[in-house]
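*Asks:* My structure is in model.cif, and what it holds is mmCIF, C-alpha atoms:
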data_model
loop_
_atom_site.label_atom_id
_atom_site.label_comp_id
_atom_site.auth_asym_id
_atom_site.auth_seq_id
_atom_site.Cartn_x
_atom_site.Cartn_y
_atom_site.Cartn_z
CA MET A 1 -9.21 -20.31 3.39
CA PRO A 2 -12.80 -21.33 2.66
CA LEU A 3 -15.12 -21.64 5.60
CA HIS A 4 -17.91 -24.14 5.85
CA GLY A 5 -21.50 -23.02 5.82
CA PRO A 6 -23.76 -20.80 3.79
CA PRO A 7 -22.40 -17.78 1.94
CA TRP A 8 -22.12 -14.54 3.91
CA SER A 9 -24.97 -13.00 1.90
CA GLU A 10 -27.38 -15.71 3.03
CA SER A 11 -26.67 -15.06 6.70
CA PHE A 12 -26.12 -11.31 6.94
CA ALA A 13 -27.65 -8.22 5.39
CA PRO A 14 -25.29 -6.17 3.21
CA LEU A 15 -23.57 -3.21 4.84
CA THR A 16 -24.04 0.23 3.38
CA PRO A 17 -20.98 2.31 2.49
CA ALA A 18 -21.91 4.66 5.36
CA GLN A 19 -21.91 1.75 7.82
CA VAL A 20 -18.48 0.62 6.63
CA ARG A 21 -17.07 4.17 6.94
CA GLU A 22 -18.47 4.50 10.46
CA ALA A 23 -16.95 1.15 11.44
CA MET A 24 -13.58 2.33 10.09
CA ARG A 25 -13.85 5.60 12.06
CA GLN A 26 -14.52 3.62 15.23
CA SER A 27 -11.72 1.20 14.43
CA LEU A 28 -9.30 4.09 13.90
CA ALA A 29 -10.34 5.66 17.22
CA TRP A 30 -9.81 2.31 18.98
CA SER A 31 -6.37 1.94 17.40
CA LYS A 32 -5.25 5.43 18.42
CA GLN A 33 -5.93 4.56 22.07
CA ARG A 34 -3.31 1.78 21.93
CA PRO A 35 0.08 3.34 21.12
CA GLY A 36 2.87 0.82 20.76
CA ASN A 37 0.48 -2.03 19.95
CA GLU A 38 1.58 -3.51 16.61
CA PHE A 39 -1.89 -4.81 15.70
CA ALA A 40 -3.45 -1.43 16.49
CA GLU A 41 -0.82 0.41 14.44
CA LEU A 42 -1.46 -1.73 11.37
CA ASN A 43 -5.20 -1.46 11.91
CA ALA A 44 -4.93 2.33 12.05
CA ILE A 45 -3.00 2.42 8.78
CA ARG A 46 -5.56 0.20 7.06
CA ALA A 47 -8.59 2.04 8.49
CA GLY A 48 -7.09 5.43 7.65
CA HIS A 49 -6.35 4.34 4.11
CA TYR A 50 -9.90 3.10 3.66
CA LEU A 51 -11.35 6.37 4.95
CA GLU A 52 -9.06 8.43 2.72
CA HIS A 53 -9.25 6.36 -0.47
CA GLY A 54 -12.33 4.14 -0.14
CA GLU A 55 -10.36 0.95 -0.74
CA TRP A 56 -8.77 -1.74 1.39
CA ILE A 57 -5.07 -2.49 1.63
CA THR A 58 -3.53 -5.72 2.86
CA LYS A 59 -1.71 -6.14 6.14
CA ALA A 60 1.52 -6.46 4.14
CA GLU A 61 0.82 -3.15 2.41
CA ALA A 62 0.11 -1.52 5.77
CA GLU A 63 3.34 -2.95 7.16
CA ALA A 64 5.26 -1.38 4.26
CA ARG A 65 3.77 2.02 5.16
CA ARG A 66 4.89 1.95 8.81
#
Is it possible to express this structure as C-alpha cells?
*Replies:*
Amino acid sequence: MPLHGPPWSESFAPLTPAQVREAMRQSLAWSKQRPGNEFAELNAIRAGHYLEHGEWITKAEAEARR
C-alpha cells in the first residue's frame, strides 16, 4: 500500500549491508527470547534466512517453513 510523503531515499540515508546484517542478528536474538510467540517465531525464520542466504522471504514463506 503506498504511503504519502517523500520517497524513503529522500528522508533516510541508505543502510549498508553490514548494518542490515547487524539488525537481523539483533532481531534474531530478540525473537529467541520469546518462545511460543508466533510473531517472534516467524521473525526468527525470516531473520535467520536473511543471515544465511542474504535475501528476504515473505511472511507466508516463513509460515510454510514452521
*Asks:* Which neighbours of Arg46 (chain A) fall inside 9 Å, counting all atoms listed in the file, when residues of the same chain fewer than 4 positions from it are skipped, and could you give them as JSON, numbers by chain?
*Replies:* {"A": [24, 28, 41, 42, 50, 51, 56, 57, 58, 59, 61, 62]}
*Asks:* What does the distance from CA of Ser31 (chain A) to CA of Ile45 (chain A) come to in Å, to one decimal?
*Replies:*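 Computing it gives 9.3 Å between the two atoms.
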*Asks:* Rounded to one decimal place, report the CA of Ala60 (chain A)-CA of Gly48 (chain A) distance in Å.
*Replies:* 15.1 Å
*Asks:* What separation in Å, quoted to one decimal, exists between CA of Trp8 (chain A) and CA of Ala23 (chain A)?
*Replies:*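 Calculated distance between CA of Trp8 (chain A) and CA of Ala23 (chain A) is 18.2 Å.
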*Asks:* Compare A:Leu3, A:Leu15, A:Ala64, A:Ala29 by their minimum atom-to-atom distance to Ala47 (chain A), counting only C-alpha atoms, and give me the closest one.
*Replies:*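 Closest to Ala47 (chain A), using only C-alpha atoms: A:Ala29.
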*Asks:* Scan for residues within 12 Å of the point (-17.4, 3.8, -1.6) in the coordinates of the file, using only C-alpha atoms, and reply as a tab-separated table (two decimals) with C-alpha atoms, keeping the file's coordinate frame.
*Replies:*
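Saved file part-v7.tsv follows:
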chain	number	residue	atom	x	y	z
A	15	LEU	CA	-23.57	-3.21	4.84
A	16	THR	CA	-24.04	0.23	3.38
A	17	PRO	CA	-20.98	2.31	2.49
A	18	ALA	CA	-21.91	4.66	5.36
A	19	GLN	CA	-21.91	1.75	7.82
A	20	VAL	CA	-18.48	0.62	6.63
A	21	ARG	CA	-17.07	4.17	6.94
A	50	TYR	CA	-9.90	3.10	3.66
A	51	LEU	CA	-11.35	6.37	4.95
A	52	GLU	CA	-9.06	8.43	2.72
A	53	HIS	CA	-9.25	6.36	-0.47
A	54	GLY	CA	-12.33	4.14	-0.14
A	55	GLU	CA	-10.36	0.95	-0.74
A	56	TRP	CA	-8.77	-1.74	1.39
*Asks:* Considering only C-alpha atoms, state which residue in the set A:Arg65, A:Ala13, A:His4, A:Lys32 is at the smallest distance from His49 (chain A).
*Replies:* A:Arg65
